[in-house]
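Asks: This structure is in structure tokens; I'll ask about it shortly.
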Amino acid sequence: MKTLIKNGTVVTASDTYKADVLIEDEKITMIGLNLPSDGAEIIDAAGLLLMPGGIDPHTHLDMPFGGTITADDFFTGQRAAAFGGTTCHIDFALQQKGATLKDGVEMWQKKAEGKTITDYGFHIAITDPTEASINEIATLKDIGVASLKVFQAYKGAFMVDDTALYKAMEVARDSDIMLMTHSENGDAIALLTEKLVSEGKLEPKYHLDAHPREIEGEATARAIALSAVTGAKLYVVHMSCSDSIEQMALGRSKGYNVMGETCTQYMFKFEDDMRVPGYEGAKWACGPPVRTPKDAEYIWEALRNTTLQCVATDHCSFHYDGGVNGKIAGKELGREGWHKIPNGIPGIEDRMPVMYHNGVNSGRISLNRFVAITSTNVAKSMGMYPQKGTIAVGSDADIVLWDPEKEHTISAKTHHMAVDYNAYEGMQIKGLPVRTIIRGTTVVNNGELCVEKGFGKYVRRANPVIV
Ligand code: DUC
Ligand code: ZN
Ligand code: ZN
């Protein structure tokens, strides 16, 4: 199968230039001006940008959490991703207590089986850090897993202590695995939660008081220090505020092997959105919590100046009005107390358009930086580059045809996620994907899904690098 994309403008993390792109089977085989068609199917991309497909480094599909399960499974989540210009994502498989890390990955592989639309990989989160589990980190490469998540929060559920974190870092260092942390101080959160709940402070806004910014800063600094001592590569996920990002800037200025990710929602959803009267604030309960508009500006600057290198979604969708009309239970579980709200915000479909519109159109980041933070840096740090994350000869033909002039108003009424609300409801966007190509096959074209469930493939990852 041959496809020639003609007349488009290729955009990578470093360059923007006019070129045709030839795809043979699943790979890009030629890039240049006026390439001969030679019997290839022609796609005319005049007026369009050709960008590497988005890669979302942080998603939770079909994940049990907080007494329920996410609204999006691998089909609805990946379908939404493809509509939004994301061609690959890395989901978090969770180790179950008493089971191995590989069991966790296998469990998540089964959830994906037969449902996939985009390509995908798995991180594994270590939640039962026995000696055997810690030693098992050295074998993750055998199953194509190049990243290990450690929770410094969620005491009594996913959290592990500093001894386990330190030991996991030593094995991760020796086996070239990227160690990822959810950096908040779980002990402090547990104490604050107990206090607030015992005082009868049960409305959604108290979620903010249980997750102060200082303890995100503290846990981030701790993870960075342990990474510096052990020499493990560290990727801090979902950084939400200046307190933690300052620590990242400091660690990077010292030359440590550390990098950070933020999420789209931290630039658009704020503490005041959680403080509205009534229960609506529950929609924005996530960990770490949403912060302030000042933090959002700090994040934009950190994305510009390379303190932060990746933008994820932490897509973790729970219905606002769940448990009715056949819907899975969701945020309503916390009506009797904020501590029972399932944490998470959806966004797998919206990351690319929202970041493009608010980043590139507003002049906050360049087009090339947009590609870097939504795709290339993710591929590099997660061990998928140059198979994924760029437009280059030999790379997978994961290409998004982007219309910089196309306009759309984001709404839950029209989105492709299964969840019943949208974090960017009403946002008017200019610049959208019009065709999403994965490994040479058109997956979405002008609002139509063009592949069957099961199209997406597992991506084996190795050699993650700090960018
Ligand atoms: N944060 C969330 O908001 N949801 C899932 C897990 C997490 O760390
Ligand atoms: Zn997390
Ligand atoms: Zn997460």
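Here's how to read the names in the structure tokens: chain A, B, ... by the order shown, residue numbers from 1 in each chain, ligand numbers from 1 in the order shown.
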Just the residues within 10 Å of stretch 275-278 of chain A, please, counting only C-alpha atoms, with nothing from its chain fewer than 4 positions along; format it as a VMD selection string.
Replies: chain A and resid 203 to 208 270 to 271 282 335
Asks: Show me which residues line ligand 3, defined as having an atom within 8 Å of a ligand atom where only C-alpha atoms and all ligand atoms count, and present them as a PDB file with C-alpha atoms, in the first residue's frame.
Replies:
ATOM      1  CA  HIS A  58      -0.510   9.725  30.742  1.00  0.00           C
ATOM      2  CA  THR A  59      -3.967   8.149  30.539  1.00  0.00           C
ATOM      3  CA  HIS A  60      -6.215   5.927  32.631  1.00  0.00           C
ATOM      4  CA  PHE A  92      -1.061   3.133  33.464  1.00  0.00           C
ATOM      5  CA  HIS A 182       3.142  11.071  41.348  1.00  0.00           C
ATOM      6  CA  VAL A 237       3.993  13.420  36.177  1.00  0.00           C
ATOM      7  CA  HIS A 238       1.162  15.984  36.257  1.00  0.00           C
ATOM      8  CA  GLY A 287      -4.787  14.754  42.178  1.00  0.00           C
ATOM      9  CA  ASP A 314      -4.063  12.305  32.909  1.00  0.00           C
ATOM     10  CA  HIS A 315      -7.338  11.402  31.171  1.00  0.00           C
ATOM     11  CA  CYS A 316      -9.324   9.762  33.948  1.00  0.00           C
ATOM     12  CA  GLY A 344      -9.852  12.623  37.590  1.00  0.00           C
TER      13      GLY A 344
END
Asks: If the limit is 12 Å from any atom of ligand 2, counting only C-alpha atoms and all ligand atoms, which residues qualify? Return them as a count of residues only.
Replies: 45
Asks: Looking only at the backbone, which of the residues in stretch 73-212 of chain A does DSSP tag as alpha helix (DSSP H), as a PyMOL selection string?
Replies: chain A and resi 74-83+101-112+131-136+162-174+186-198+206-210
Asks: Which of these residues is nearest to ligand 1, using only C-alpha atoms and all ligand atoms: A:Gly66, A:Gly363, A:Gly454, A:Gly156?
Replies: A:Gly66
Asks: Choose the residue, out of A:Lys331, A:Pro464, A:Thr307, A:Asp243, that has the smallest atom-to-atom separation from ligand 1; count only C-alpha atoms and all ligand atoms.
Replies: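 Looking only at the distances to ligand 1, the closest residue turns out to be A:Lys331.
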Asks: Please build the interface table for stretch 91-170 of chain A against stretch 386-396 of chain A with a cut-off of 12 Å, listing for each qualifying residue the nearest atom pair and the distance in Å to one decimal; count only C-alpha atoms, order rows by chain and increasing number, and write it as JSON lines.
Replies:
{"residue": "A:Asp119", "atom": "CA", "partner": "A:Lys388", "partner_atom": "CA", "distance": 10.0}
{"residue": "A:Tyr120", "atom": "CA", "partner": "A:Lys388", "partner_atom": "CA", "distance": 10.9}
{"residue": "A:Gly121", "atom": "CA", "partner": "A:Lys388", "partner_atom": "CA", "distance": 11.7}
Asks: Would you write out those residues with C-alpha atoms, as a compact mmCIF listing (two decimals), in the first residue's frame?
Replies:
# COMPACT_ATOMS: atom_id res chain seq x y z
CA ASP A 119 -1.37 2.59 19.15
CA TYR A 120 -0.57 2.34 22.84
CA GLY A 121 1.95 1.32 25.45
Asks: A:Gln95, A:Ala228, A:Asp272, A:Ile177: which is nearest A:Val258, counting only C-alpha atoms?
Replies: A:Ala228
Asks: By how many Å are atom CA of A:Val378 and atom CA of A:Phe122 apart?
Replies: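 Atom-to-atom, atom CA of A:Val378 and atom CA of A:Phe122 are spaced 13.3 Å apart.
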